[in-house]
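Source file: work_34.cif. Holds: mmCIF, C-alpha atoms.
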```cif
data_model
#
loop_
_atom_site.label_atom_id
_atom_site.label_comp_id
_atom_site.auth_asym_id
_atom_site.auth_seq_id
_atom_site.Cartn_x
_atom_site.Cartn_y
_atom_site.Cartn_z
CA ALA A 60 10.09 -46.60 -20.86
CA ASP A 61 8.09 -43.45 -21.63
CA PHE A 62 4.92 -42.35 -19.86
CA LEU A 63 2.47 -39.45 -20.14
CA LYS A 64 3.22 -38.73 -23.80
CA GLY A 65 6.98 -38.63 -23.30
CA ARG A 66 6.91 -36.27 -20.29
CA VAL A 67 8.24 -39.03 -18.00
CA HIS A 68 11.01 -41.40 -19.04
CA VAL A 69 12.54 -44.12 -16.85
CA ASP A 70 15.71 -45.97 -17.76
CA VAL A 71 17.06 -48.80 -15.58
CA ASN A 72 20.46 -50.35 -16.23
CA MET A 73 21.90 -53.24 -14.24
CA TYR A 74 25.26 -54.91 -14.59
CA ALA A 75 27.39 -57.69 -13.19
CA SER A 76 31.01 -58.16 -14.15
CA GLN A 77 34.09 -60.15 -13.22
CA THR A 78 37.40 -58.34 -13.50
CA LYS A 79 40.26 -60.80 -13.82
CA ASP A 80 43.93 -59.93 -13.43
CA GLN A 81 43.01 -57.00 -11.18
CA ILE A 82 46.07 -54.85 -10.39
CA PHE A 83 47.02 -54.81 -6.71
CA ASN A 84 50.07 -53.61 -4.78
CA LYS A 85 51.77 -56.68 -3.35
CA ASN A 86 54.37 -56.42 -0.59
CA THR A 87 57.70 -58.03 -1.41
CA ALA A 88 60.96 -58.63 0.38
CA VAL A 89 63.16 -55.53 0.28
CA MET A 90 64.96 -55.45 -3.05
CA GLY A 91 68.36 -53.90 -3.75
CA ALA A 92 66.90 -50.44 -4.48
CA GLY A 93 64.78 -50.46 -1.31
CA ILE A 94 61.58 -51.40 -3.16
CA THR A 95 59.08 -53.00 -0.78
CA SER A 96 56.08 -53.49 -3.07
CA GLN A 97 55.30 -54.17 -6.69
CA LYS A 98 52.23 -54.15 -8.88
CA ALA A 99 50.69 -57.59 -9.27
CA THR A 100 48.10 -58.40 -11.91
CA MET A 101 46.49 -61.28 -10.12
CA GLY A 102 43.14 -61.80 -8.62
CA ARG A 103 39.48 -61.34 -9.44
CA VAL A 104 36.97 -58.74 -8.32
CA ASP A 105 33.23 -59.12 -8.94
CA ASN A 106 31.18 -55.97 -9.46
CA LYS A 107 27.45 -55.51 -9.61
CA GLY A 108 25.37 -52.40 -9.75
CA ILE A 109 22.34 -50.50 -10.93
CA GLU A 110 21.70 -47.08 -12.41
CA ILE A 111 18.22 -45.58 -12.54
CA ASN A 112 17.51 -42.45 -14.58
CA LEU A 113 14.23 -40.58 -14.20
CA ASN A 114 13.80 -37.84 -16.79
CA THR A 115 10.72 -35.62 -16.52
CA VAL A 116 9.29 -32.53 -18.15
CA PRO A 117 7.19 -31.05 -15.30
CA VAL A 118 6.36 -27.85 -17.21
CA LYS A 119 6.05 -27.35 -20.94
CA THR A 120 4.26 -24.26 -22.24
CA MET A 121 4.75 -22.00 -25.26
CA GLY A 122 7.49 -19.95 -23.56
CA LEU A 123 8.63 -22.03 -20.61
CA THR A 124 10.12 -25.55 -20.43
CA TRP A 125 11.47 -27.27 -17.33
CA ASN A 126 13.42 -30.54 -17.68
CA SER A 127 14.36 -32.48 -14.56
CA ASP A 128 16.72 -35.48 -14.40
CA LEU A 129 17.21 -37.64 -11.33
CA VAL A 130 19.99 -40.26 -11.43
CA PHE A 131 20.60 -42.95 -8.78
CA THR A 132 23.69 -45.19 -8.97
CA LEU A 133 24.79 -48.05 -6.76
CA ASN A 134 27.86 -50.27 -7.10
CA ARG A 135 29.13 -53.18 -5.02
CA ASN A 136 32.41 -55.04 -5.42
CA LYS A 137 33.86 -58.10 -3.75
CA ILE A 138 37.34 -59.60 -3.88
CA VAL A 139 36.96 -63.20 -5.01
CA GLU A 140 40.63 -64.11 -5.48
CA LEU A 141 43.94 -62.37 -4.80
CA TYR A 142 47.22 -64.02 -5.65
CA GLY A 143 46.03 -67.55 -6.35
CA ASP A 144 46.89 -68.84 -2.88
CA GLY A 145 43.47 -68.33 -1.23
CA GLN A 146 45.03 -66.06 1.40
CA ASP A 147 44.07 -62.52 2.42
CA ASP A 148 46.64 -59.74 1.95
CA ILE A 149 46.55 -58.35 5.49
CA ALA A 150 49.35 -55.83 4.90
CA ASN A 151 47.36 -54.13 2.11
CA ASN A 152 43.88 -54.49 3.70
CA LEU A 153 42.68 -56.83 0.94
CA PHE A 154 40.39 -59.57 2.19
CA ILE A 155 38.75 -62.27 0.10
CA GLY A 156 34.97 -62.02 0.27
CA HIS A 157 35.01 -58.30 1.15
CA PRO A 158 34.97 -55.06 -0.89
CA ILE A 159 38.27 -53.54 -1.98
CA ASN A 160 37.93 -50.48 0.28
CA THR A 161 36.90 -52.25 3.47
CA ILE A 162 38.20 -50.51 6.59
CA PHE A 163 39.53 -52.92 9.20
CA GLY A 164 40.70 -52.14 12.71
CA TYR A 165 41.04 -53.59 16.17
CA ARG A 166 38.17 -53.72 18.62
CA THR A 167 39.10 -51.74 21.72
CA GLU A 168 37.24 -50.84 24.86
CA GLY A 169 39.05 -48.59 27.29
CA ILE A 170 42.43 -49.01 28.90
CA PHE A 171 43.82 -51.34 31.53
CA GLN A 172 43.50 -49.61 34.90
CA GLU A 173 45.71 -51.86 37.03
CA GLY A 174 48.51 -54.36 36.86
CA GLU A 175 51.35 -54.91 34.44
CA TYR A 176 49.54 -53.28 31.51
CA ALA A 177 48.05 -50.24 33.30
CA GLY A 178 47.59 -47.40 30.81
CA GLN A 179 47.65 -49.71 27.76
CA PRO A 180 44.61 -49.96 25.45
CA ILE A 181 42.42 -53.05 25.87
CA PHE A 182 42.23 -54.90 22.56
CA TYR A 183 40.06 -57.91 21.89
CA THR A 184 40.91 -61.02 19.89
CA LYS A 185 38.43 -62.65 17.51
CA ASP A 186 37.58 -65.03 20.37
CA GLY A 187 36.65 -62.10 22.63
CA GLU A 188 39.69 -62.34 24.89
CA GLN A 189 41.42 -59.20 26.16
CA THR A 190 44.96 -58.62 24.96
CA VAL A 191 47.64 -55.94 24.69
CA ASN A 192 49.14 -57.26 21.44
CA PRO A 193 46.41 -58.28 19.00
CA ALA A 194 47.30 -60.22 15.87
CA PRO A 195 46.47 -58.88 12.39
CA GLU A 196 43.76 -61.54 12.03
CA ASP A 197 42.01 -60.08 15.12
CA ARG A 198 40.91 -57.02 13.16
CA VAL A 199 37.21 -56.49 12.53
CA ILE A 200 35.32 -54.51 9.91
CA TRP A 201 34.87 -50.88 10.94
CA GLY A 202 33.22 -49.73 7.73
CA TYR A 203 33.69 -49.13 4.03
CA GLY A 204 35.54 -46.44 2.12
CA ASP A 205 33.17 -46.53 -0.83
CA GLU A 206 29.83 -44.77 -0.78
CA ASN A 207 26.55 -46.64 -0.36
CA PHE A 208 25.06 -44.84 -3.37
CA ARG A 209 25.19 -41.64 -5.44
CA LEU A 210 22.33 -39.37 -6.34
CA SER A 211 22.21 -36.41 -8.69
CA TRP A 212 19.40 -34.07 -9.66
CA ALA A 213 19.73 -31.78 -12.67
CA ASN A 214 17.21 -29.15 -13.71
CA THR A 215 17.10 -27.01 -16.83
CA VAL A 216 14.56 -24.21 -17.17
CA ARG A 217 14.24 -22.46 -20.55
CA TRP A 218 12.30 -19.25 -21.00
CA GLY A 219 12.62 -17.45 -24.31
CA ASN A 220 16.33 -16.98 -24.99
CA TRP A 221 17.25 -17.61 -21.36
CA GLN A 222 18.37 -20.87 -19.84
CA PHE A 223 18.96 -21.72 -16.17
CA TYR A 224 20.74 -24.93 -15.16
CA MET A 225 21.10 -26.34 -11.64
CA LEU A 226 22.84 -29.55 -10.56
CA ILE A 227 22.83 -31.07 -7.09
CA GLN A 228 24.96 -34.15 -6.46
CA GLY A 229 25.44 -36.23 -3.38
CA ILE A 230 27.50 -39.16 -2.22
CA PHE A 231 25.75 -41.02 0.57
CA GLY A 232 26.98 -43.42 3.20
CA GLY A 233 30.20 -45.32 3.22
CA GLY A 234 29.94 -46.79 6.64
CA GLY A 235 28.39 -50.20 6.43
CA TYR A 236 26.50 -51.79 3.61
CA GLY A 237 26.26 -55.55 3.63
CA LEU A 238 27.02 -57.77 0.67
#
```
Would you kindly transcribe this structure into structure tokens?
Amino acid sequence: ADFLKGRVHVDVNMYASQTKDQIFNKNTAVMGAGITSQKATMGRVDNKGIEINLNTVPVKTMGLTWNSDLVFTLNRNKIVELYGDGQDDIANNLFIGHPINTIFGYRTEGIFQEGEYAGQPIFYTKDGEQTVNPAPEDRVIWGYGDENFRLSWANTVRWGNWQFYMLIQGIFGGGGYGL
């Protein structure tokens, strides 16, 4: 959409997609050549996102023109299915219902000070019980490897035969968006 005689233009694009037969690394029993994983084309990942472009011409005179472009992008993904068995792939940090790059870890709080386990880290199970040997399913979400959003700002200033271009880009977040 254009405003102010074409000096301001806004473009909004949204998408939602389902990627089937997503390629994942799947752990396998050790094969003769020592291979412990193979590529598996199974599973489905849903993506959704938005991109907003704001193009402006803040200055336009006989000899000087300034164009400014601001772009905001946001993408979210979620694993819907892995290998057809409804199970998470704990070894590869792939969990149904969570983004691909979710960071999982154990909840810890200090170390045991006395007794048989003195000096060992205190881990917690999903039920909130203290343990020395947590199970893989006791891991909790620590954060996300993907950014929350991206932002870029480009400016072009033209004066006579001269042109100046500046681009500033940023990747923001990556520590805890909710789906």
query = What does the PyMOL selection byres ((chain A and resi 209-213) around 12) select in this file, as a PyMOL selection string?
reply = chain A and resi 108-116+125-134+205-208+214-216+223-233
ask   = Which polymer residues have any atom within 8 Å of an atom of Asn136 in chain A, counting all atoms listed in the file, with same-chain residues fewer than 4 positions away left out, as a list in words?
value = Val104, Asp105, Asn106, Lys107, His157, Pro158 and Ile159 of chain A
query = For this file, the PyMOL selection byres ((chain A and resi 123) around 8) selects which residues, as a ChimeraX atom specification?
reply = /A:118-122,124-125,216-219
request  = Point out the residue among A:Ser76, A:Asp147, A:Arg135, A:Val191 with the least atom-to-atom distance to Glu175 in chain A, counting all atoms listed in the file.
outcome  =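 Closest residue, counting all atoms listed in the file: A:Val191.
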message = Using all atoms listed in the file, list the residues that have an atom at most 12 Å from (44.2, -64.8, 13.4), coordinates as in the file, as a list in words.
response =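 Residues with an atom close enough to that point: Asp147, Ile149, Tyr165, Tyr183, Thr184, Lys185, Asp186, Pro193, Ala194, Pro195, Glu196, Asp197, Arg198 and Val199 of chain A.
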Met101 in chain A surroundings by only C-alpha atoms, 7 Å radius, close-in-sequence under 4 positions cut, as a count of residues only = 5
inquiry  = Please report the interatomic distance between CA of Gly187 in chain A and CA of Ile200 in chain A in Å with one decimal.
reply    = 14.9 Å
inquiry  = Using all atoms listed in the file, which protein or nucleic acid residues come within 12 Å of Gln146 in chain A? Drop anything in the same chain fewer than 5 positions from it, and give the result as JSON, numbers by chain.
reply    = {"A": [102, 138, 139, 140, 141, 152, 153, 154, 155, 156, 196]}
message = One number please: CA of Tyr203 in chain A to CA of Thr161 in chain A, in Å, one decimal.
response =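 So the answer is 4.5 Å.
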Separation of CA of Asn192 in chain A from CA of Ile170 in chain A in Å =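 Separation of CA of Ile170 in chain A and CA of Asn192 in chain A: 13.0 Å.
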message = Let me make sure I understand: among A:Asp70, A:Glu168, A:Asp61, A:Asp148, which one has the smallest atom-to-atom distance to Phe182 in chain A if we use all atoms listed in the file?
response =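 Checking each candidate against Phe182 in chain A, we get A:Glu168 as the closest.
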message = Give me the residues near range 178-181 of chain A as a PyMOL selection string, where near means some atom within 9 Å (using all atoms listed in the file) and where sequence neighbours in that chain fewer than 4 positions away do not count.
response = chain A and resi 166-173+189-191
